[in-house]
file input.cif (mmCIF, C-alpha atoms)
data_structure
loop_
_atom_site.label_atom_id
_atom_site.label_comp_id
_atom_site.auth_asym_id
_atom_site.auth_seq_id
_atom_site.Cartn_x
_atom_site.Cartn_y
_atom_site.Cartn_z
CA MET S 1 -1.18 -21.72 13.19
CA ARG S 2 2.45 -22.13 12.15
CA ASP S 3 4.70 -24.41 14.18
CA PHE S 4 8.07 -22.82 13.39
CA LEU S 5 9.80 -19.70 14.61
CA LEU S 6 10.17 -16.66 12.39
CA ASN S 7 13.55 -14.96 12.65
CA ASN S 8 13.54 -11.19 12.63
CA VAL S 9 16.88 -10.35 11.06
CA SER S 10 17.67 -6.82 9.91
CA PRO S 11 18.32 -6.69 6.15
CA PHE S 12 20.64 -3.73 6.56
CA PRO S 13 24.41 -3.69 6.96
CA ALA S 14 25.91 -3.24 10.42
CA LYS S 15 26.29 0.55 10.28
CA PRO S 16 23.73 1.61 7.70
CA ASP S 17 23.03 5.06 9.08
CA ALA S 18 26.62 6.19 8.73
CA ASN S 19 25.70 8.23 5.69
CA GLY S 20 27.02 11.66 4.85
CA HIS S 21 23.76 13.51 4.32
CA ALA S 22 23.78 16.82 6.14
CA ALA S 23 20.09 17.74 6.00
CA VAL S 24 18.65 14.23 5.82
CA HIS S 25 19.20 11.25 8.07
CA ILE S 26 18.30 7.69 7.03
CA ALA S 27 18.15 5.02 9.73
CA PRO S 28 16.65 1.54 10.12
CA VAL S 29 13.99 0.97 12.78
CA SER S 30 15.24 -2.31 14.18
CA ALA S 31 12.93 -2.87 17.17
CA GLY S 32 9.17 -3.16 17.26
CA PHE S 33 6.42 -5.13 15.57
CA VAL S 34 4.30 -5.00 12.41
CA ILE S 35 1.04 -6.92 12.55
CA HIS S 36 -1.33 -7.08 9.59
CA VAL S 37 -4.97 -6.84 10.70
CA LEU S 38 -7.58 -8.03 8.21
CA GLY S 39 -11.18 -7.14 8.87
CA ASN S 40 -14.19 -9.06 7.62
CA GLY S 41 -17.31 -7.15 6.62
CA ALA S 42 -17.18 -3.42 7.31
CA PRO S 43 -15.16 -3.06 10.52
CA ASP S 44 -14.32 0.43 11.72
CA GLU S 45 -10.97 1.70 12.94
CA SER S 46 -12.18 3.14 16.26
CA GLY S 47 -13.67 -0.26 17.17
CA LEU S 48 -10.39 -1.97 16.31
CA THR S 49 -8.39 0.55 18.36
CA LYS S 50 -10.58 -0.24 21.36
CA VAL S 51 -10.27 -4.01 20.86
CA LEU S 52 -6.45 -3.81 20.66
CA GLY S 53 -6.32 -1.48 23.68
CA ASP S 54 -8.36 -3.96 25.70
CA ILE S 55 -6.36 -7.04 24.67
CA ALA S 56 -2.85 -5.55 24.80
CA PRO S 57 -2.90 -2.19 26.64
CA ASP S 58 0.87 -2.30 27.23
CA LEU S 59 1.86 -2.44 23.55
CA GLY S 60 0.47 0.86 22.30
CA GLY S 61 1.42 1.44 18.69
CA GLY S 62 -0.67 2.89 15.90
CA LEU S 63 -2.85 1.73 13.02
CA ARG S 64 -1.95 2.49 9.40
CA SER S 65 -4.50 1.51 6.80
CA PRO S 66 -3.18 0.35 3.40
CA SER S 67 -6.60 -0.60 2.07
CA PRO S 68 -10.27 -0.53 3.15
CA GLY S 69 -10.80 -2.94 6.03
CA GLN S 70 -7.07 -3.63 6.47
CA TRP S 71 -4.52 -2.16 8.84
CA PHE S 72 -0.91 -2.47 9.84
CA TRP S 73 -0.65 -2.35 13.61
CA VAL S 74 2.83 -0.94 14.18
CA GLY S 75 4.55 -0.42 17.53
CA ASP S 76 8.02 0.08 18.92
CA CYS S 77 8.31 -2.70 21.52
CA ASP S 78 9.33 -6.26 20.70
CA ILE S 79 6.74 -8.98 21.20
CA SER S 80 7.41 -12.70 21.40
CA GLN S 81 5.66 -15.12 19.11
CA GLY S 82 3.95 -16.63 22.13
CA ARG S 83 2.52 -13.22 22.97
CA PHE S 84 1.39 -12.77 19.39
CA ALA S 85 -0.47 -16.08 19.49
CA GLU S 86 -2.10 -15.02 22.74
CA ILE S 87 -3.28 -11.72 21.22
CA ALA S 88 -4.52 -13.44 18.05
CA GLY S 89 -6.48 -15.86 20.21
CA HIS S 90 -8.31 -13.04 21.95
CA MET S 91 -9.35 -11.17 18.78
CA PRO S 92 -13.06 -11.05 17.90
CA ALA S 93 -14.11 -13.20 14.93
CA GLU S 94 -14.31 -10.29 12.45
CA PHE S 95 -10.56 -9.66 12.65
CA ALA S 96 -7.65 -11.88 11.59
CA LEU S 97 -4.03 -11.15 12.51
CA SER S 98 -0.81 -11.95 10.68
CA ASP S 99 2.59 -11.24 12.22
CA GLN S 100 4.61 -9.44 9.51
CA THR S 101 7.49 -8.27 11.70
CA HIS S 102 9.91 -10.58 9.90
CA GLY S 103 8.69 -9.54 6.44
CA ARG S 104 8.10 -5.80 6.52
CA VAL S 105 10.88 -3.52 7.68
CA ARG S 106 10.81 0.13 8.63
CA ILE S 107 13.20 2.89 7.61
CA MET S 108 13.18 6.29 9.26
CA LEU S 109 13.91 9.43 7.25
CA SER S 110 14.33 12.67 9.11
CA GLY S 111 15.79 16.11 8.66
CA ALA S 112 15.03 19.51 7.19
CA LYS S 113 15.17 18.30 3.57
CA VAL S 114 13.29 15.03 4.03
CA ARG S 115 10.39 16.01 1.77
CA ASP S 116 12.76 17.18 -0.96
CA VAL S 117 14.19 13.66 -0.93
CA LEU S 118 10.87 11.80 -0.87
CA ILE S 119 9.21 13.76 -3.67
CA LYS S 120 11.85 12.46 -6.06
CA GLY S 121 10.40 8.98 -5.62
CA THR S 122 6.73 9.34 -4.85
CA MET S 123 3.87 11.32 -6.29
CA VAL S 124 1.84 11.45 -3.04
CA ASP S 125 1.33 15.06 -1.91
CA LEU S 126 3.36 15.46 1.30
CA ALA S 127 2.31 19.07 2.00
CA ASP S 128 1.58 19.94 5.64
CA ASP S 129 -2.13 20.56 5.09
CA VAL S 130 -2.65 17.38 3.03
CA PHE S 131 -0.31 14.86 4.65
CA ALA S 132 -0.33 15.86 8.32
CA VAL S 133 1.58 14.14 11.11
CA GLY S 134 0.01 10.69 11.56
CA ALA S 135 -1.08 10.35 7.92
CA SER S 136 0.06 7.35 5.92
CA ALA S 137 -0.22 6.16 2.33
CA MET S 138 0.49 2.88 0.57
CA THR S 139 2.22 3.91 -2.64
CA MET S 140 5.37 3.38 -4.69
CA ILE S 141 8.83 4.87 -4.32
CA GLY S 142 10.33 4.49 -7.76
CA HIS S 143 9.23 0.97 -8.70
CA ILE S 144 9.11 -0.37 -5.15
CA GLY S 145 5.83 -0.60 -3.25
CA ALA S 146 6.13 1.07 0.15
CA MET S 147 4.02 2.62 2.85
CA ILE S 148 4.89 6.19 3.81
CA THR S 149 3.85 7.47 7.26
CA ARG S 150 4.48 10.91 8.65
CA THR S 151 5.59 10.44 12.27
CA ASP S 152 6.65 14.05 12.89
CA VAL S 153 6.89 17.35 11.02
CA GLU S 154 10.31 16.48 9.58
CA CYS S 155 10.22 12.73 10.11
CA PHE S 156 8.79 10.03 7.85
CA GLU S 157 8.73 6.27 8.22
CA ILE S 158 8.91 4.02 5.16
CA MET S 159 7.66 0.45 5.51
CA VAL S 160 8.76 -1.93 2.78
CA LEU S 161 8.81 -5.68 2.14
CA ARG S 162 12.04 -7.08 3.54
CA SER S 163 13.43 -8.39 0.24
CA PHE S 164 13.15 -4.89 -1.27
CA ALA S 165 14.63 -3.12 1.74
CA GLU S 166 18.27 -2.99 0.70
CA SER S 167 17.35 -1.86 -2.80
CA LEU S 168 15.07 0.88 -1.45
CA TRP S 169 17.76 1.92 1.01
CA HIS S 170 20.18 2.37 -1.87
CA GLU S 171 17.56 4.39 -3.77
CA LEU S 172 16.87 6.67 -0.77
CA ASP S 173 20.60 7.12 -0.27
CA GLN S 174 20.94 8.20 -3.91
CA MET S 175 17.90 10.48 -3.65
CA ALA S 176 19.49 12.19 -0.62
CA ALA S 177 22.95 12.45 -2.21
CA GLU S 178 22.51 16.09 -3.20
CA PHE S 179 22.60 16.90 0.51
CA ASN S 180 25.92 15.16 1.06
CA GLN S 181 28.41 17.29 2.88
CA PRO S 182 31.37 18.34 0.76
CA HIS S 183 34.50 16.27 1.34
CA GLY S 184 36.78 17.53 4.07
CA ILE S 185 34.08 19.18 6.18
CA MET B 186 -3.08 7.52 -20.61
CA SER B 187 -4.03 10.21 -18.16
CA SER B 188 -1.29 10.49 -15.60
CA LEU B 189 -3.55 10.87 -12.56
CA VAL B 190 -6.34 8.52 -11.54
CA LYS B 191 -8.66 9.31 -8.66
CA CYS B 192 -8.80 6.13 -6.58
CA PRO B 193 -11.93 6.17 -4.35
CA HIS B 194 -9.79 4.89 -1.45
CA CYS B 195 -6.38 6.55 -1.93
CA GLY B 196 -7.14 9.82 -3.75
CA SER B 197 -5.17 11.05 -6.79
CA ARG B 198 -2.46 8.60 -7.76
CA PRO B 199 -0.16 8.25 -10.78
CA ARG B 200 -1.22 5.90 -13.54
CA GLU B 201 1.94 3.80 -12.90
CA GLU B 202 0.39 2.48 -9.67
CA PHE B 203 -2.44 0.81 -11.62
CA THR B 204 -2.74 -2.24 -13.84
CA VAL B 205 -5.39 -2.11 -16.57
CA ARG B 206 -7.41 -5.33 -16.55
CA GLY B 207 -9.66 -4.83 -19.55
CA GLU B 208 -13.21 -4.07 -20.51
CA VAL B 209 -16.10 -4.59 -18.10
CA ALA B 210 -17.90 -7.33 -19.96
CA THR B 211 -21.63 -7.87 -20.00
CA PRO B 212 -23.07 -9.70 -16.96
CA ARG B 213 -21.97 -13.30 -16.71
CA PRO B 214 -24.31 -15.69 -18.63
CA VAL B 215 -26.12 -18.43 -16.73
CA ALA B 216 -24.13 -21.65 -16.33
CA GLY B 217 -26.17 -23.61 -18.88
CA ALA B 218 -26.26 -20.88 -21.53
CA ASP B 219 -25.57 -21.67 -25.16
CA GLU B 220 -21.91 -22.11 -26.15
CA SER B 221 -22.03 -19.16 -28.57
CA ILE B 222 -23.24 -16.86 -25.76
CA TRP B 223 -20.33 -17.99 -23.58
CA PHE B 224 -17.92 -17.53 -26.49
CA ASP B 225 -19.12 -13.95 -26.92
CA HIS B 226 -18.81 -13.28 -23.20
CA VAL B 227 -15.31 -14.69 -22.85
CA TYR B 228 -13.64 -13.69 -26.13
CA LEU B 229 -15.48 -10.98 -28.08
CA ARG B 230 -14.64 -7.41 -27.14
CA ASP B 231 -15.65 -4.07 -28.59
CA ASN B 232 -12.95 -1.58 -29.49
CA PRO B 233 -14.88 1.67 -29.14
CA ARG B 234 -13.77 5.18 -29.96
CA GLY B 235 -14.69 7.30 -26.94
CA GLN B 236 -15.99 6.23 -23.56
CA HIS B 237 -14.93 2.77 -22.38
CA ARG B 238 -15.78 1.12 -19.06
CA GLU B 239 -12.73 -0.76 -17.73
CA TYR B 240 -11.45 -2.77 -14.77
CA TRP B 241 -8.29 -1.31 -13.22
CA HIS B 242 -6.35 -2.87 -10.35
CA HIS B 243 -4.66 -0.48 -7.92
CA SER B 244 -1.69 -2.84 -7.63
CA GLY B 245 0.71 -0.21 -6.25
CA GLY B 246 -1.68 1.16 -3.63
CA CYS B 247 -4.73 -0.27 -1.88
CA ARG B 248 -4.76 -3.36 -4.17
CA ARG B 249 -8.51 -2.98 -4.75
CA TRP B 250 -10.15 -3.67 -8.12
CA LEU B 251 -11.72 -0.53 -9.52
CA VAL B 252 -14.10 0.23 -12.38
CA LEU B 253 -13.72 3.48 -14.29
CA ASP B 254 -14.60 5.28 -17.52
CA ARG B 255 -11.71 5.91 -19.88
CA ASN B 256 -12.03 7.94 -23.03
CA THR B 257 -10.02 6.03 -25.65
CA VAL B 258 -9.42 9.25 -27.61
CA THR B 259 -8.33 11.64 -24.86
CA HIS B 260 -7.39 9.02 -22.21
CA GLU B 261 -9.25 11.02 -19.58
CA THR B 262 -10.56 8.87 -16.74
CA SER B 263 -13.67 9.49 -14.65
CA ASN B 264 -16.40 7.83 -12.58
CA VAL B 265 -14.00 5.63 -10.61
CA VAL B 266 -15.71 3.22 -8.21
CA ASP B 267 -14.69 0.14 -6.25
CA ALA B 268 -15.52 -2.98 -8.30
CA SER B 269 -17.48 -4.43 -5.37
CA THR B 270 -20.21 -1.84 -6.08
CA LEU B 271 -20.90 -3.65 -9.38
CA LYS B 272 -21.44 -6.88 -7.53
CA ALA B 273 -23.77 -5.15 -5.07
CA GLU B 274 -25.77 -3.80 -8.01
CA GLY B 275 -25.84 -7.22 -9.70
CA ARG B 276 -23.95 -6.03 -12.79
CA ALA B 277 -20.79 -8.12 -12.39
#
call {"tool": "encode", "arguments": {"input": "input.cif", "output": "structure tokens"}}
result
Amino acid sequence: MRDFLLNNVSPFPAKPDANGHAAVHIAPVSAGFVIHVLGNGAPDESGLTKVLGDIAPDLGGGLRSPSPGQWFWVGDCDISQGRFAEIAGHMPAEFALSDQTHGRVRIMLSGAKVRDVLIKGTMVDLADDVFAVGASAMTMIGHIGAMITRTDVECFEIMVLRSFAESLWHELDQMAAEFNQPHGI
Amino acid sequence: MSSLVKCPHCGSRPREEFTVRGEVATPRPVAGADESIWFDHVYLRDNPRGQHREYWHHSGGCRRWLVLDRNTVTHETSNVVDASTLKAEGRA
């Protein structure tokens, strides 16, 4: 167990969502937690959901699987590092936890044209019947590895390693530029 | 290269998400095998025209090692499986 504190500092500028896109809105998700869950053997997701619900019923959140036997447990409330240690201590032996809140940041994309923006960077099929609300995929946006999750019909969440966040933000901003409002409106 | 590869975990993904890691060599020789057998295993590779069994790493997705057939003439890929299945079958 580490003996130092991890600082969760947003990589984005102070007012990053002050962009001029009319049909697309890009915003950082500054609160919440990202915990990497690694399973040993062949653990199943429903079992893990039950375990997490029993240990920390107040946290909620959802599971997004980047790989077989691995999940990101993502939620919107802040948890202290003491609380994290407490949760990790209660996990059954087939699961290991790693707090990634400091290292993986979330960006929210929403609006009527959100899919038109995303398909410029990723090849994953985002059609309603293939990528329904709740679906997620670990993929690449341009050359940056990122996890795309559909949180609502016109709302997607991008999770990216912190050191790539500003670069990806710039890329998303460029991808959405065609929806910029004309000057003077 | 074919532009789409069917990852058994992630579904159809672009070739750019993968890293080709080379031919699936013959099963590993026993530790005390003759030096020439080890030399063959480590260094000598076929360069076939047609079907080729290869290791691919899904570095931009699930990060699992995969094994697939690639046709070196048409670059079509098929029969993609997780590399752990080779180990389970004793062929790694």
call {"tool": "closest_residue", "arguments": {"input": "input.cif", "among": "S:Thr151, S:Val133, S:Ala165, S:Pro66", "to": "chain B", "atoms": "all atoms listed in the file"}}
result
S:Pro66
call {"tool": "interface_residues", "arguments": {"input": "input.cif", "of": "chain S", "to": "chain B", "cutoff": "6 Å", "atoms": "all atoms listed in the file", "output": "ChimeraX atom specification"}}
result
/S:66-67,138-139,145
call {"tool": "resolve_selection", "arguments": {"input": "input.cif", "expression": "the PyMOL selection byres ((chain S and resi 104) around 9)", "output": "number ranges by chain"}}
result
S: 34, 100-103, 105-106, 159-163, 165
call {"tool": "resolve_selection", "arguments": {"input": "input.cif", "expression": "the PyMOL selection byres ((chain B and resi 211) around 12)", "output": "short mmCIF file (atom, residue, chain, number, x, y, z; two decimals) with C-alpha atoms, in the coordinates of the input"}}
result
data_model
loop_
_atom_site.label_atom_id
_atom_site.label_comp_id
_atom_site.auth_asym_id
_atom_site.auth_seq_id
_atom_site.Cartn_x
_atom_site.Cartn_y
_atom_site.Cartn_z
CA GLU B 208 -13.21 -4.07 -20.51
CA VAL B 209 -16.10 -4.59 -18.10
CA ALA B 210 -17.90 -7.33 -19.96
CA PRO B 212 -23.07 -9.70 -16.96
CA ARG B 213 -21.97 -13.30 -16.71
CA PRO B 214 -24.31 -15.69 -18.63
CA VAL B 215 -26.12 -18.43 -16.73
CA ILE B 222 -23.24 -16.86 -25.76
CA TRP B 223 -20.33 -17.99 -23.58
CA ASP B 225 -19.12 -13.95 -26.92
CA HIS B 226 -18.81 -13.28 -23.20
CA VAL B 227 -15.31 -14.69 -22.85
CA TYR B 228 -13.64 -13.69 -26.13
CA LEU B 229 -15.48 -10.98 -28.08
CA ARG B 230 -14.64 -7.41 -27.14
CA ASP B 231 -15.65 -4.07 -28.59
CA ARG B 238 -15.78 1.12 -19.06
CA GLU B 239 -12.73 -0.76 -17.73
CA LEU B 271 -20.90 -3.65 -9.38
CA GLY B 275 -25.84 -7.22 -9.70
CA ARG B 276 -23.95 -6.03 -12.79
CA ALA B 277 -20.79 -8.12 -12.39
#
call {"tool": "residues_around", "arguments": {"input": "input.cif", "residues": "range 83-94 of chain S", "least_positions_apart": "6", "cutoff": "7 Å", "atoms": "all atoms listed in the file", "output": "PyMOL selection string"}}
result
chain S and resi 39-40+55
call {"tool": "residues_around", "arguments": {"input": "input.cif", "residues": "His237 in chain B", "least_positions_apart": "2", "cutoff": "7 Å", "atoms": "all atoms listed in the file", "output": "ChimeraX atom specification"}}
result
/B:233,235,239,254-257
call {"tool": "atom_distance", "arguments": {"input": "input.cif", "atom1": "CA of Trp73 in chain S", "atom2": "CA of Ser110 in chain S"}}
result
21.7 Å
call {"tool": "atom_distance", "arguments": {"input": "input.cif", "atom1": "CA of Leu52 in chain S", "atom2": "CA of Gln70 in chain S"}}
result
14.2 Å
call {"tool": "atom_distance", "arguments": {"input": "input.cif", "atom1": "CA of Leu109 in chain S", "atom2": "CA of Glu178 in chain S"}}
result
15.1 Å
call {"tool": "resolve_selection", "arguments": {"input": "input.cif", "expression": "the PyMOL selection byres ((chain S and resi 131) around 12)", "output": "ChimeraX atom specification"}}
result
/S:115,124-130,132-137,148-154,156 /B:196
call {"tool": "closest_residue", "arguments": {"input": "input.cif", "among": "B:Leu253, B:Arg200, B:Val190, B:Asn232", "to": "Val265 in chain B", "atoms": "all atoms listed in the file"}}
result
B:Leu253
call {"tool": "closest_residue", "arguments": {"input": "input.cif", "among": "S:Leu63, S:Ala23, S:Leu97, S:Val74", "to": "Leu38 in chain S", "atoms": "all atoms listed in the file"}}
result
S:Leu97
call {"tool": "closest_residue", "arguments": {"input": "input.cif", "among": "S:Gly75, S:Ser167, S:Ile26, S:Ile35", "to": "Pro57 in chain S", "atoms": "only C-alpha atoms"}}
result
S:Gly75
call {"tool": "build_atoms", "arguments": {"input": "input.cif", "residues": "range 149-160 of chain S", "atoms": "N, CA, C and O atoms", "output": "short mmCIF file (atom, residue, chain, number, x, y, z; two decimals), keeping the file's coordinate frame"}}
result
data_model
loop_
_atom_site.label_atom_id
_atom_site.label_comp_id
_atom_site.auth_asym_id
_atom_site.auth_seq_id
_atom_site.Cartn_x
_atom_site.Cartn_y
_atom_site.Cartn_z
N THR S 149 4.59 6.94 6.11
CA THR S 149 3.85 7.47 7.26
C THR S 149 4.60 8.68 7.79
O THR S 149 5.82 8.64 7.92
N ARG S 150 3.84 9.73 8.09
CA ARG S 150 4.48 10.91 8.65
C ARG S 150 4.42 10.79 10.17
O ARG S 150 3.35 10.83 10.77
N THR S 151 5.57 10.63 10.82
CA THR S 151 5.59 10.44 12.27
C THR S 151 5.87 11.75 13.01
O THR S 151 5.61 11.84 14.20
N ASP S 152 6.42 12.73 12.30
CA ASP S 152 6.65 14.05 12.89
C ASP S 152 6.76 15.05 11.74
O ASP S 152 6.77 14.65 10.57
N VAL S 153 6.88 16.33 12.07
CA VAL S 153 6.89 17.35 11.02
C VAL S 153 8.01 17.08 10.00
O VAL S 153 7.78 17.13 8.79
N GLU S 154 9.19 16.74 10.49
CA GLU S 154 10.31 16.48 9.58
C GLU S 154 10.78 15.03 9.68
O GLU S 154 11.97 14.74 9.56
N CYS S 155 9.85 14.13 9.94
CA CYS S 155 10.22 12.73 10.11
C CYS S 155 9.19 11.81 9.45
O CYS S 155 8.00 11.90 9.73
N PHE S 156 9.66 10.97 8.55
CA PHE S 156 8.79 10.03 7.85
C PHE S 156 9.29 8.61 8.07
O PHE S 156 10.49 8.37 8.20
N GLU S 157 8.34 7.66 8.11
CA GLU S 157 8.73 6.27 8.22
C GLU S 157 8.30 5.55 6.95
O GLU S 157 7.16 5.70 6.50
N ILE S 158 9.21 4.78 6.37
CA ILE S 158 8.91 4.02 5.16
C ILE S 158 8.85 2.55 5.57
O ILE S 158 9.79 2.03 6.16
N MET S 159 7.75 1.89 5.22
CA MET S 159 7.66 0.45 5.51
C MET S 159 7.67 -0.29 4.17
O MET S 159 6.90 0.03 3.27
N VAL S 160 8.56 -1.26 4.07
CA VAL S 160 8.76 -1.93 2.78
C VAL S 160 8.95 -3.44 3.02
O VAL S 160 9.40 -3.85 4.09
#
